Amino acid sequence: MKNEGQTGAENPRKGAHDRMIVPVAHDLKVAGGLSVAAGALWPVQAGAVAWAVSAWAQGDPPVERALVAALVFLACGVVRAALEHRSGGLLFRAADTTIARERATLIRREARMPSEKGSAAIASLVVQKLPLLQPWITRYRVAMMRASVLPLLLLVLAFSQSWVVGLTLLVAGPLVPVFMALVGMAAEDASRRQLNEIGTMNDMVMDRLSAMLDIRLLGAVNRAADQFGARAESLRVRTMAVLRIAFLSSTVLELFSALGVALVAVFVGFTLLGEIRFGSWGTPLTLGQGLFLLLIAPEFFQPLRDLASAWHDRAAGFAVVAELDALDAAERVSFVGAGQESEPLPGTLAVTVSDGVARLRGRNVPLPDVTLRAGETLALTGPSGIGKSTALAAIAGLVPLVSGRIEVCGRPLDATTADAWRARVAHVPQRPHFSDRTLGDWLDTADTGTDPWPALRLVGADGIVARLPDGLATRLGETGGGVSGGEARRLLLARAVLSGGDLILADEPTADLDNETAGRIISALYRLHAEGRTIVVATHDPALAAAMGHQLEMVA
């Protein structure tokens, strides 16, 4: 809810601050204090240099003052380096902690409760966008602290030597944050558009790669390349827009800084030449005072320039947090249970679905009433989109129910039984996915060291592995490069056998296969049933449906 008097534009920024900055505020505060202390040592170094040079100009012995000044300058430099080193360590620790926390939360949640965002967009957020939080965390807060303390300190020192120099800095200094804020609003909007384009382009790349075979078969390679080129050009345009704003901002801010320093230099120079006889407090400006003012004038603008640079980092950080907030608010559905390893649910295998309605993102799906006993086989049939795959997922506890009831082994399928129930279930998805592991490791999901060859022979996949270049040591591509669709399905069945599940849920195992290959899949399922496994398939294939002991047609 919004607080009274708080605008909609302020809420997201406060939320971003509370989410990213507050958990590491202590480290940022200490780091900022150390950085301010380091910056406050520069006037001491500048004073030592001015003191030594003015003594040389007056004809005093140069060695004694030079040695003292050098020792003071060196000591302050060592202390400044130590303070900045410690400050940087705290800042990067805070940034790494924040990014690691957000990344872990994002991955854990998307694995358990995926949103409608594509995997490419999520990968883009995790790999490319979250690191953009680091400059915001490491630079902006410290730059704010330095800009609020150091210019004021240097302004007081400048006024103590010359009211003209102090007035010059006082007039030129505020122009920097004013233009910084004006340009920053455009920078934030441009950064958000750029980040959105990155996510869209990654989604497009993943979509085209997954459909590459179909694109080639349909002769749409040139069209796909043109679409990709157009998207890449759009990203280039948006990236250049961000860079143009950044360069414009830097040019404007450097202009004011350079003019301010130049005015101080002109005043000091003409004063020391005797052409200007006003601007100091009663007595003429000395060489030492003039050198001191020339040395501190650039440092007066430096914290403001750093803040202007960090303002762009802040804009990019807000854009990332806005995307994270939108993803947090996305509708998602969690599977039942904790998703942890568990001992198999005891009891005789049995499944009963009564008046079930499954909950999906944006809609509810009615489920058919099912009664299934150990050793039976069942085919769920019906038109596409009717909910066959959803029914399999609901039986496995992968989607919750809005209403109705599912019983497994005589007990309700709920959070207390779901993990143990899934230990008895082997799910064979419609689309094979091979992780970046050897085939032998991928088949043995529980890393039990079980010999996979009996399972491979049972489903008729032993010849497939034997033909692979490295056998069980082969690493297949994500979508099973090196094996056909039917061969990948048989490997999935072998994996289901090795998992030890006595209920096999197969989603369209013969989809898009020719009759001969589909026949091999059906034969493999026959052999699994003969071994005592219970099988439920969702299918459009009349031959597969006829091979099952029972058929249940789902209707709208």
# chains A, B, ... in the order shown; residues from 1 in each chain; ligands from 1

$ residues_around --residues "stretch 366-368 of chain A" --least-positions-apart "4" --cutoff "6 Å" --atoms "only C-alpha atoms" --output "list in words"
Gly356, Val357 and Ala391 of chain A

$ residues_around --residues "stretch 377-389 of chain A" --least-positions-apart "4" --cutoff "8 Å" --atoms "only C-alpha atoms" --output "ChimeraX atom specification"
/A:365-367,372,393,507,529,534-540,544-545,548-556

$ write_last_selection --atoms "C-alpha atoms" --output "tab-separated table (two decimals), in the first residue's frame"
chain	number	residue	atom	x	y	z
A	365	VAL	CA	-8.32	-27.17	-15.50
A	366	PRO	CA	-10.94	-29.84	-14.66
A	367	LEU	CA	-9.45	-33.32	-14.25
A	372	LEU	CA	-5.98	-46.85	-11.07
A	393	ALA	CA	1.24	-33.40	-13.57
A	507	ASP	CA	3.38	-37.57	-21.83
A	529	HIS	CA	4.17	-53.36	-17.93
A	534	THR	CA	1.81	-49.29	-13.68
A	535	ILE	CA	1.63	-46.99	-16.69
A	536	VAL	CA	-0.42	-43.89	-17.52
A	537	VAL	CA	0.05	-42.19	-20.88
A	538	ALA	CA	-1.38	-38.99	-22.34
A	539	THR	CA	-1.65	-39.50	-26.08
A	540	HIS	CA	-3.26	-38.67	-29.42
A	544	LEU	CA	-0.67	-46.40	-28.23
A	545	ALA	CA	-4.10	-45.86	-26.66
A	548	MET	CA	-3.20	-49.70	-22.89
A	549	GLY	CA	-5.57	-51.76	-20.77
A	550	HIS	CA	-7.97	-48.83	-20.20
A	551	GLN	CA	-8.77	-45.66	-22.12
A	552	LEU	CA	-10.27	-42.49	-20.71
A	553	GLU	CA	-11.30	-39.76	-23.13
A	554	MET	CA	-11.23	-36.25	-21.73
A	555	VAL	CA	-13.93	-33.89	-23.00
A	556	ALA	CA	-14.56	-30.21	-22.45

$ atom_distance --atom1 "atom CA of A:Asp369" --atom2 "atom CA of A:Ser354"
5.1 Å

$ residues_around --residues "A:Arg533" --least-positions-apart "6" --cutoff "6 Å" --atoms "only C-alpha atoms" --output "short mmCIF file (atom, residue, chain, number, x, y, z; two decimals) with all heavy atoms, in the first residue's frame"
data_model
loop_
_atom_site.label_atom_id
_atom_site.label_comp_id
_atom_site.auth_asym_id
_atom_site.auth_seq_id
_atom_site.Cartn_x
_atom_site.Cartn_y
_atom_site.Cartn_z
N GLY A 375 -0.29 -52.29 -11.43
CA GLY A 375 -0.19 -53.19 -12.57
C GLY A 375 -1.11 -52.86 -13.72
O GLY A 375 -1.07 -53.52 -14.75
N ASP A 502 7.57 -47.22 -9.67
CA ASP A 502 6.67 -48.28 -10.12
C ASP A 502 5.43 -47.73 -10.80
O ASP A 502 4.58 -48.50 -11.27
CB ASP A 502 6.27 -49.22 -8.97
CG ASP A 502 5.84 -48.49 -7.72
OD1 ASP A 502 5.89 -47.25 -7.72
OD2 ASP A 502 5.46 -49.16 -6.76
N LEU A 503 5.30 -46.41 -10.88
CA LEU A 503 4.27 -45.77 -11.69
C LEU A 503 4.98 -44.90 -12.73
O LEU A 503 5.75 -44.01 -12.38
CB LEU A 503 3.33 -44.90 -10.84
CG LEU A 503 2.35 -44.02 -11.63
CD1 LEU A 503 1.40 -44.87 -12.46
CD2 LEU A 503 1.57 -43.09 -10.69
#

$ atom_distance --atom1 "atom CA of A:Gly397" --atom2 "atom CA of A:Ser342"
14.2 Å

$ select_by_dssp --residues "stretch 248-359 of chain A" --states "alpha helix (DSSP H)" --output "NGL selection string"
:A and (248-272 or 287-329)

$ atom_distance --atom1 "atom CA of A:Ala258" --atom2 "atom CA of A:Glu275"
22.7 Å

$ closest_residue --among "A:Ser35, A:Ser435, A:Ser119, A:Thr251" --to "A:Ala82" --atoms "only C-alpha atoms"
A:Ser35

$ residues_around --residues "stretch 126-141 of chain A" --least-positions-apart "4" --cutoff "8 Å" --atoms "only C-alpha atoms" --output "JSON, numbers by chain"
{"A": [20, 21, 28, 32, 88, 91, 92, 94, 95, 96, 99, 102, 103, 106, 122, 145, 195, 307, 310, 311, 313, 314, 316, 317, 320]}

$ write_last_selection --atoms "N, CA, C and O atoms" --output "tab-separated table (two decimals), in the first residue's frame"
chain	number	residue	atom	x	y	z
A	20	MET	N	17.68	-3.65	-1.72
A	20	MET	CA	19.09	-3.80	-2.08
A	20	MET	C	20.05	-3.15	-1.10
A	20	MET	O	21.14	-3.67	-0.85
A	21	ILE	N	19.68	-2.02	-0.54
A	21	ILE	CA	20.62	-1.23	0.26
A	21	ILE	C	20.50	-1.51	1.75
A	21	ILE	O	21.53	-1.67	2.44
A	28	LEU	N	27.95	-0.41	3.91
A	28	LEU	CA	28.00	0.78	3.06
A	28	LEU	C	28.29	2.04	3.88
A	28	LEU	O	29.03	2.92	3.43
A	32	GLY	N	31.56	4.21	3.35
A	32	GLY	CA	31.42	5.62	3.03
A	32	GLY	C	32.21	6.50	3.99
A	32	GLY	O	32.86	7.47	3.58
A	88	GLY	N	36.82	-0.20	-0.29
A	88	GLY	CA	36.49	-0.99	-1.47
A	88	GLY	C	36.16	-2.43	-1.13
A	88	GLY	O	35.25	-3.03	-1.71
A	91	LEU	N	32.67	-2.55	0.21
A	91	LEU	CA	31.68	-2.29	-0.83
A	91	LEU	C	31.46	-3.52	-1.72
A	91	LEU	O	30.32	-3.89	-2.02
A	92	PHE	N	32.55	-4.13	-2.15
A	92	PHE	CA	32.40	-5.29	-3.03
A	92	PHE	C	31.85	-6.49	-2.28
A	92	PHE	O	31.15	-7.31	-2.88
A	94	ALA	N	29.60	-6.20	0.07
A	94	ALA	CA	28.17	-5.90	0.12
A	94	ALA	C	27.50	-6.20	-1.21
A	94	ALA	O	26.41	-6.78	-1.26
A	95	ALA	N	28.16	-5.81	-2.31
A	95	ALA	CA	27.58	-6.06	-3.64
A	95	ALA	C	27.50	-7.55	-3.93
A	95	ALA	O	26.48	-8.04	-4.43
A	96	ASP	N	28.57	-8.28	-3.65
A	96	ASP	CA	28.57	-9.72	-3.91
A	96	ASP	C	27.51	-10.43	-3.08
A	96	ASP	O	26.84	-11.36	-3.56
A	99	ILE	N	24.00	-9.58	-4.69
A	99	ILE	CA	23.78	-10.25	-5.97
A	99	ILE	C	23.61	-11.75	-5.77
A	99	ILE	O	22.74	-12.39	-6.37
A	102	GLU	N	20.07	-12.38	-4.34
A	102	GLU	CA	19.03	-12.24	-5.35
A	102	GLU	C	19.09	-13.36	-6.38
A	102	GLU	O	18.05	-13.88	-6.82
A	103	ARG	N	20.30	-13.76	-6.76
A	103	ARG	CA	20.45	-14.83	-7.76
A	103	ARG	C	19.94	-16.15	-7.19
A	103	ARG	O	19.21	-16.89	-7.88
A	106	LEU	N	16.15	-16.08	-6.94
A	106	LEU	CA	15.53	-16.16	-8.26
A	106	LEU	C	15.57	-17.58	-8.81
A	106	LEU	O	14.56	-18.12	-9.28
A	122	ILE	N	15.01	-15.37	-18.05
A	122	ILE	CA	15.50	-15.61	-16.69
A	122	ILE	C	17.02	-15.69	-16.69
A	122	ILE	O	17.70	-15.11	-15.82
A	145	MET	N	27.72	10.15	0.04
A	145	MET	CA	28.34	10.57	1.31
A	145	MET	C	29.50	11.53	1.05
A	145	MET	O	29.66	12.55	1.73
A	195	LEU	N	17.43	-2.85	-21.11
A	195	LEU	CA	17.35	-4.13	-20.42
A	195	LEU	C	16.19	-4.97	-20.93
A	195	LEU	O	16.30	-6.19	-21.07
A	307	LEU	N	29.56	11.45	-8.22
A	307	LEU	CA	28.13	11.24	-7.98
A	307	LEU	C	27.36	11.22	-9.30
A	307	LEU	O	26.44	10.41	-9.48
A	310	ALA	N	27.95	7.89	-10.82
A	310	ALA	CA	27.21	6.85	-10.08
A	310	ALA	C	25.70	6.97	-10.30
A	310	ALA	O	24.97	6.00	-10.11
A	311	TRP	N	25.25	8.17	-10.69
A	311	TRP	CA	23.82	8.36	-10.94
A	311	TRP	C	23.34	7.46	-12.07
A	311	TRP	O	22.24	6.92	-12.04
A	313	ASP	N	24.72	4.56	-12.78
A	313	ASP	CA	24.69	3.22	-12.19
A	313	ASP	C	23.41	3.02	-11.39
A	313	ASP	O	22.82	1.94	-11.41
A	314	ARG	N	23.01	4.05	-10.70
A	314	ARG	CA	21.76	3.99	-9.93
A	314	ARG	C	20.57	3.79	-10.86
A	314	ARG	O	19.66	2.99	-10.56
A	316	ALA	N	20.55	2.33	-13.81
A	316	ALA	CA	20.56	0.94	-14.28
A	316	ALA	C	20.12	-0.01	-13.18
A	316	ALA	O	19.40	-0.98	-13.42
A	317	GLY	N	20.54	0.26	-11.93
A	317	GLY	CA	20.13	-0.58	-10.81
A	317	GLY	C	18.63	-0.55	-10.58
A	317	GLY	O	18.00	-1.59	-10.34
A	320	VAL	N	16.92	-2.73	-13.11
A	320	VAL	CA	17.03	-4.15	-12.77
A	320	VAL	C	16.04	-4.51	-11.66
A	320	VAL	O	15.35	-5.53	-11.72

$ residues_around --residues "stretch 406-417 of chain A" --least-positions-apart "5" --cutoff "12 Å" --atoms "only C-alpha atoms" --output "PyMOL selection string"
chain A and resi 334-358+367-374+391-401+422-425+503

$ residues_around --residues "A:Leu476" --least-positions-apart "3" --cutoff "9 Å" --atoms "only C-alpha atoms" --output "list in words"
Phe434, Ser435, Asp436, Arg437, Thr438, Leu439, Thr479, Gly480, Gly481, Gly482 and Val483 of chain A

$ closest_residue --among "A:Ala16, A:Ala57, A:Val68, A:Ala315" --to "A:Leu287" --atoms "only C-alpha atoms"
A:Ala57

$ select_by_dssp --residues "stretch 374-510 of chain A" --states "strand (DSSP E)" --output "ChimeraX atom specification"
/A:377-381,401-408,411-412,425-428,503-507

$ closest_residue --among "A:Leu83, A:Val49, A:Ile521, A:Val428" --to "A:Leu71" --atoms "only C-alpha atoms"
A:Val49

$ residues_around --residues "A:Gly173" --least-positions-apart "4" --cutoff "9 Å" --atoms "only C-alpha atoms" --output "JSON, numbers by chain"
{"A": [151, 168, 169, 177, 256, 257, 260, 300, 301, 304]}
